[in-house]
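Source file: coords.pdb; contents: PDB, C-alpha atoms, pLDDT in the B column.
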ATOM      1  CA  MET A   1       0.657 -14.352 -54.471  1.00 92.00           C
ATOM      2  CA  TYR A   2       4.137 -12.942 -54.940  1.00 95.00           C
ATOM      3  CA  LYS A   3       6.119 -14.242 -57.919  1.00 93.00           C
ATOM      4  CA  THR A   4       9.096 -11.864 -57.858  1.00 95.00           C
ATOM      5  CA  LEU A   5      11.070  -9.710 -55.459  1.00 97.00           C
ATOM      6  CA  SER A   6      10.231  -6.040 -55.049  1.00 97.00           C
ATOM      7  CA  ASN A   7      12.803  -3.529 -56.290  1.00 97.00           C
ATOM      8  CA  ILE A   8      14.180  -2.967 -52.789  1.00 98.00           C
ATOM      9  CA  GLN A   9      14.427  -6.734 -52.225  1.00 98.00           C
ATOM     10  CA  LYS A  10      16.308  -7.069 -55.533  1.00 97.00           C
ATOM     11  CA  GLN A  11      18.739  -4.447 -54.255  1.00 98.00           C
ATOM     12  CA  HIS A  12      19.260  -6.440 -51.030  1.00 98.00           C
ATOM     13  CA  PHE A  13      19.749  -9.619 -53.102  1.00 97.00           C
ATOM     14  CA  LEU A  14      22.610  -7.947 -54.992  1.00 97.00           C
ATOM     15  CA  GLU A  15      24.111  -6.442 -51.818  1.00 96.00           C
ATOM     16  CA  ILE A  16      24.289  -9.852 -50.111  1.00 96.00           C
ATOM     17  CA  SER A  17      24.994 -12.251 -52.993  1.00 96.00           C
ATOM     18  CA  GLY A  18      26.969 -10.089 -55.415  1.00 95.00           C
ATOM     19  CA  THR A  19      24.664 -11.311 -58.201  1.00 95.00           C
ATOM     20  CA  GLU A  20      21.660  -9.737 -59.947  1.00 95.00           C
ATOM     21  CA  TYR A  21      18.290 -11.335 -59.190  1.00 96.00           C
ATOM     22  CA  ILE A  22      16.605 -13.218 -62.042  1.00 92.00           C
ATOM     23  CA  ASP A  23      12.854 -12.522 -61.994  1.00 90.00           C
ATOM     24  CA  TYR A  24      11.652 -16.053 -62.696  1.00 86.00           C
ATOM     25  CA  GLU A  25      13.381 -17.586 -59.687  1.00 91.00           C
ATOM     26  CA  ILE A  26      11.522 -17.714 -56.369  1.00 95.00           C
ATOM     27  CA  SER A  27      14.114 -19.899 -54.665  1.00 96.00           C
ATOM     28  CA  GLY A  28      17.601 -21.133 -55.332  1.00 96.00           C
ATOM     29  CA  LYS A  29      21.090 -21.891 -54.179  1.00 96.00           C
ATOM     30  CA  PHE A  30      24.443 -21.043 -55.721  1.00 96.00           C
ATOM     31  CA  MET A  31      28.053 -20.370 -54.847  1.00 95.00           C
ATOM     32  CA  THR A  32      28.829 -16.662 -54.902  1.00 94.00           C
ATOM     33  CA  LYS A  33      32.279 -15.314 -55.663  1.00 90.00           C
ATOM     34  CA  TYR A  34      31.327 -11.929 -54.193  1.00 92.00           C
ATOM     35  CA  PRO A  35      29.753 -12.209 -50.720  1.00 92.00           C
ATOM     36  CA  TYR A  36      28.297  -8.875 -49.691  1.00 92.00           C
ATOM     37  CA  ASN A  37      28.914  -7.747 -53.296  1.00 94.00           C
ATOM     38  CA  ASN A  38      32.595  -7.319 -52.484  1.00 93.00           C
ATOM     39  CA  LYS A  39      34.272  -7.439 -55.912  1.00 93.00           C
ATOM     40  CA  GLU A  40      37.695  -7.511 -54.220  1.00 93.00           C
ATOM     41  CA  TRP A  41      36.926 -10.834 -52.491  1.00 91.00           C
ATOM     42  CA  SER A  42      39.587 -13.296 -53.629  1.00 90.00           C
ATOM     43  CA  LEU A  43      39.123 -16.149 -51.177  1.00 89.00           C
ATOM     44  CA  SER A  44      36.844 -19.194 -51.449  1.00 90.00           C
ATOM     45  CA  PRO A  45      33.219 -18.680 -52.503  1.00 92.00           C
ATOM     46  CA  TRP A  46      30.255 -18.625 -50.133  1.00 93.00           C
ATOM     47  CA  SER A  47      27.004 -20.549 -50.489  1.00 94.00           C
ATOM     48  CA  PHE A  48      23.958 -18.323 -51.027  1.00 96.00           C
ATOM     49  CA  THR A  49      20.477 -19.794 -50.581  1.00 96.00           C
ATOM     50  CA  PHE A  50      17.258 -17.821 -50.937  1.00 97.00           C
ATOM     51  CA  ILE A  51      13.504 -18.151 -50.977  1.00 97.00           C
ATOM     52  CA  LEU A  52      10.634 -15.818 -51.825  1.00 97.00           C
ATOM     53  CA  GLU A  53       7.673 -16.807 -49.661  1.00 96.00           C
ATOM     54  CA  GLU A  54       4.819 -16.591 -52.162  1.00 95.00           C
ATOM     55  CA  ASN A  55       2.024 -15.908 -49.661  1.00 96.00           C
ATOM     56  CA  THR A  56       3.701 -13.090 -47.733  1.00 97.00           C
ATOM     57  CA  GLY A  57       6.262 -11.743 -50.204  1.00 97.00           C
ATOM     58  CA  TYR A  58       9.030 -12.284 -47.647  1.00 98.00           C
ATOM     59  CA  PHE A  59      12.521 -12.661 -49.098  1.00 98.00           C
ATOM     60  CA  ILE A  60      14.724 -14.766 -46.815  1.00 98.00           C
ATOM     61  CA  CYS A  61      18.321 -15.727 -47.537  1.00 97.00           C
ATOM     62  CA  GLU A  62      21.293 -17.469 -46.012  1.00 96.00           C
ATOM     63  CA  LEU A  63      24.936 -16.694 -46.706  1.00 95.00           C
ATOM     64  CA  ASP A  64      27.104 -19.577 -45.537  1.00 92.00           C
ATOM     65  CA  HIS A  65      30.787 -20.463 -45.522  1.00 89.00           C
ATOM     66  CA  ARG A  66      32.501 -23.533 -44.095  1.00 80.00           C
ATOM     67  CA  MET A  67      34.919 -21.383 -42.075  1.00 78.00           C
ATOM     68  CA  THR A  68      32.370 -19.254 -40.219  1.00 78.00           C
ATOM     69  CA  ASN A  69      28.810 -19.072 -38.909  1.00 79.00           C
ATOM     70  CA  ASN A  70      26.056 -18.640 -41.450  1.00 90.00           C
ATOM     71  CA  ARG A  71      24.242 -15.340 -41.873  1.00 93.00           C
ATOM     72  CA  ILE A  72      20.441 -15.395 -42.125  1.00 95.00           C
ATOM     73  CA  ILE A  73      18.527 -12.294 -43.108  1.00 96.00           C
ATOM     74  CA  GLY A  74      15.216 -11.375 -44.675  1.00 97.00           C
ATOM     75  CA  TRP A  75      13.062  -8.459 -45.798  1.00 98.00           C
ATOM     76  CA  ASP A  76       9.417  -7.833 -46.518  1.00 98.00           C
ATOM     77  CA  GLN A  77       8.234  -6.311 -49.810  1.00 97.00           C
ATOM     78  CA  ASP A  78       8.859  -2.790 -48.442  1.00 98.00           C
ATOM     79  CA  GLY A  79      12.470  -3.589 -47.521  1.00 97.00           C
ATOM     80  CA  ASN A  80      11.888  -3.833 -43.774  1.00 98.00           C
ATOM     81  CA  LYS A  81      14.094  -6.383 -42.022  1.00 98.00           C
ATOM     82  CA  LEU A  82      12.339  -9.545 -40.852  1.00 97.00           C
ATOM     83  CA  SER A  83      12.703 -10.827 -37.312  1.00 96.00           C
ATOM     84  CA  SER A  84      14.705 -13.939 -36.521  1.00 93.00           C
ATOM     85  CA  GLU A  85      11.416 -15.491 -35.450  1.00 94.00           C
ATOM     86  CA  ILE A  86      10.311 -15.385 -39.104  1.00 95.00           C
ATOM     87  CA  THR A  87      13.649 -16.197 -40.772  1.00 95.00           C
ATOM     88  CA  SER A  88      14.290 -19.192 -38.469  1.00 93.00           C
ATOM     89  CA  LYS A  89      11.301 -20.933 -40.054  1.00 93.00           C
ATOM     90  CA  TYR A  90      13.418 -21.274 -43.197  1.00 91.00           C
ATOM     91  CA  PHE A  91      17.064 -21.399 -42.038  1.00 90.00           C
ATOM     92  CA  LYS A  92      18.677 -22.359 -38.741  1.00 83.00           C
ATOM     93  CA  PRO A  93      21.831 -20.676 -37.401  1.00 80.00           C
ATOM     94  CA  HIS A  94      25.032 -22.757 -37.361  1.00 72.00           C
ATOM     95  CA  PHE A  95      27.249 -22.148 -34.364  1.00 59.00           C
TER      96      PHE A  95
END

Step by step, read the file and then write its structure as structure tokens.
Amino acid sequence: MYKTLSNIQKQHFLEISGTEYIDYEISGKFMTKYPYNNKEWSLSPWSFTFILEENTGYFICELDHRMTNNRIIGWDQDGNKLSSEITSKYFKPHF
């Protein structure tokens, strides 16, 4: 059972959401002021939703904004990118 992200997954969390990961959270949703950790972003915030799949250790997240398509991405505990076949079990693309 996985209860926290690996160090490389924590790094990806910060790179996508612009926020540090809090170890006790295995899922959540919040509005991020810094999508892709871009501190110069001055437009409207994005919605960031994430889940840590406890059985596999997969970290899957969605970055979404009302003005564009959502971005879905995930990594295993070693930092390898997950296929869309796996990530689509958690989030569906908006077109």

Q: Could you check how far atom CA of His94 of chain A sits from atom CA of His12 of chain A, in Å to one decimal?
A: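 Here the two named atoms are 22.1 Å from each other.
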
**Q.** Selected residue, from A:Asn80, A:Glu53, A:Leu43, A:Glu15, that lies nearest to Met67 of chain A when counting only C-alpha atoms
**A.** A:Leu43

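The set of residues that the PyMOL selection byres ((chain A and resi 28) around 10) takes from this file is Glu25, Ile26, Ser27, Lys29, Phe30, Phe48, Thr49, Phe50, Ile51, Leu52 and Cys61 of chain A.
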
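Within 8 Å of Leu63 of chain A, once all atoms listed in the file are used and residues closer than 6 positions along the same chain are dropped, the contacting residues are Ile16, Ser17, Pro35, Trp46, Ser47, Phe48, Thr49, Asn70, Arg71 and Ile72 of chain A.
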
Q) Taking the file as shown, what set of residues would the PyMOL selection byres ((chain A and resi 79) around 9) give back, as an MDAnalysis selection string? A) chainID A and resid 6:9 12 74:78 80:82

Q | Residue IDs satisfying the PyMOL selection byres ((chain A and resi 2) around 8), as a VMD selection string | A | chain A and resid 1 3 to 5 52 to 57

Q) What does the distance between atom CA of Pro93 of chain A and atom CA of Ile60 of chain A come to in Å, to one decimal place? A)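 Value for the atom CA of Pro93 of chain A-atom CA of Ile60 of chain A distance: 13.2 Å.
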
Q: Can you work out the spacing between atom CA of Ile73 of chain A and atom CA of Thr87 of chain A in Å, to one decimal?
A: 6.7 Å

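Excluding Tyr34 of chain A itself and same-chain residues fewer than 2 positions from it, the residues having an atom within 9 Å of it are Ile16, Ser17, Gly18, Thr19, Thr32, Tyr36, Asn37, Asn38, Lys39, Glu40, Trp41, Ser42, Pro45 and Trp46 of chain A, counting only C-alpha atoms.
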
Can I get the selection written as a PDB file, keeping the file's coordinate frame, with C-alpha atoms?
ATOM      1  CA  ILE A  16      24.289  -9.852 -50.111  1.00 96.00           C
ATOM      2  CA  SER A  17      24.994 -12.251 -52.993  1.00 96.00           C
ATOM      3  CA  GLY A  18      26.969 -10.089 -55.415  1.00 95.00           C
ATOM      4  CA  THR A  19      24.664 -11.311 -58.201  1.00 95.00           C
ATOM      5  CA  THR A  32      28.829 -16.662 -54.902  1.00 94.00           C
ATOM      6  CA  TYR A  36      28.297  -8.875 -49.691  1.00 92.00           C
ATOM      7  CA  ASN A  37      28.914  -7.747 -53.296  1.00 94.00           C
ATOM      8  CA  ASN A  38      32.595  -7.319 -52.484  1.00 93.00           C
ATOM      9  CA  LYS A  39      34.272  -7.439 -55.912  1.00 93.00           C
ATOM     10  CA  GLU A  40      37.695  -7.511 -54.220  1.00 93.00           C
ATOM     11  CA  TRP A  41      36.926 -10.834 -52.491  1.00 91.00           C
ATOM     12  CA  SER A  42      39.587 -13.296 -53.629  1.00 90.00           C
ATOM     13  CA  PRO A  45      33.219 -18.680 -52.503  1.00 92.00           C
ATOM     14  CA  TRP A  46      30.255 -18.625 -50.133  1.00 93.00           C
TER      15      TRP A  46
END

Q | Best match for closeness to Ser44 of chain A among A:Glu20, A:Ser83, A:Leu14, A:Met31, counting only C-alpha atoms | A |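 The closest residue to Ser44 of chain A is A:Met31.
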
Test item: axis-aligned box, all listed atoms of segment 23-30 of chain A, 6 Å on each side, centre and edges in Å rounded to one decimal, as AutoDock Vina command-line options:
--center_x 18.0 --center_y -17.2 --center_z -58.4 --size_x 24.9 --size_y 21.4 --size_z 20.5
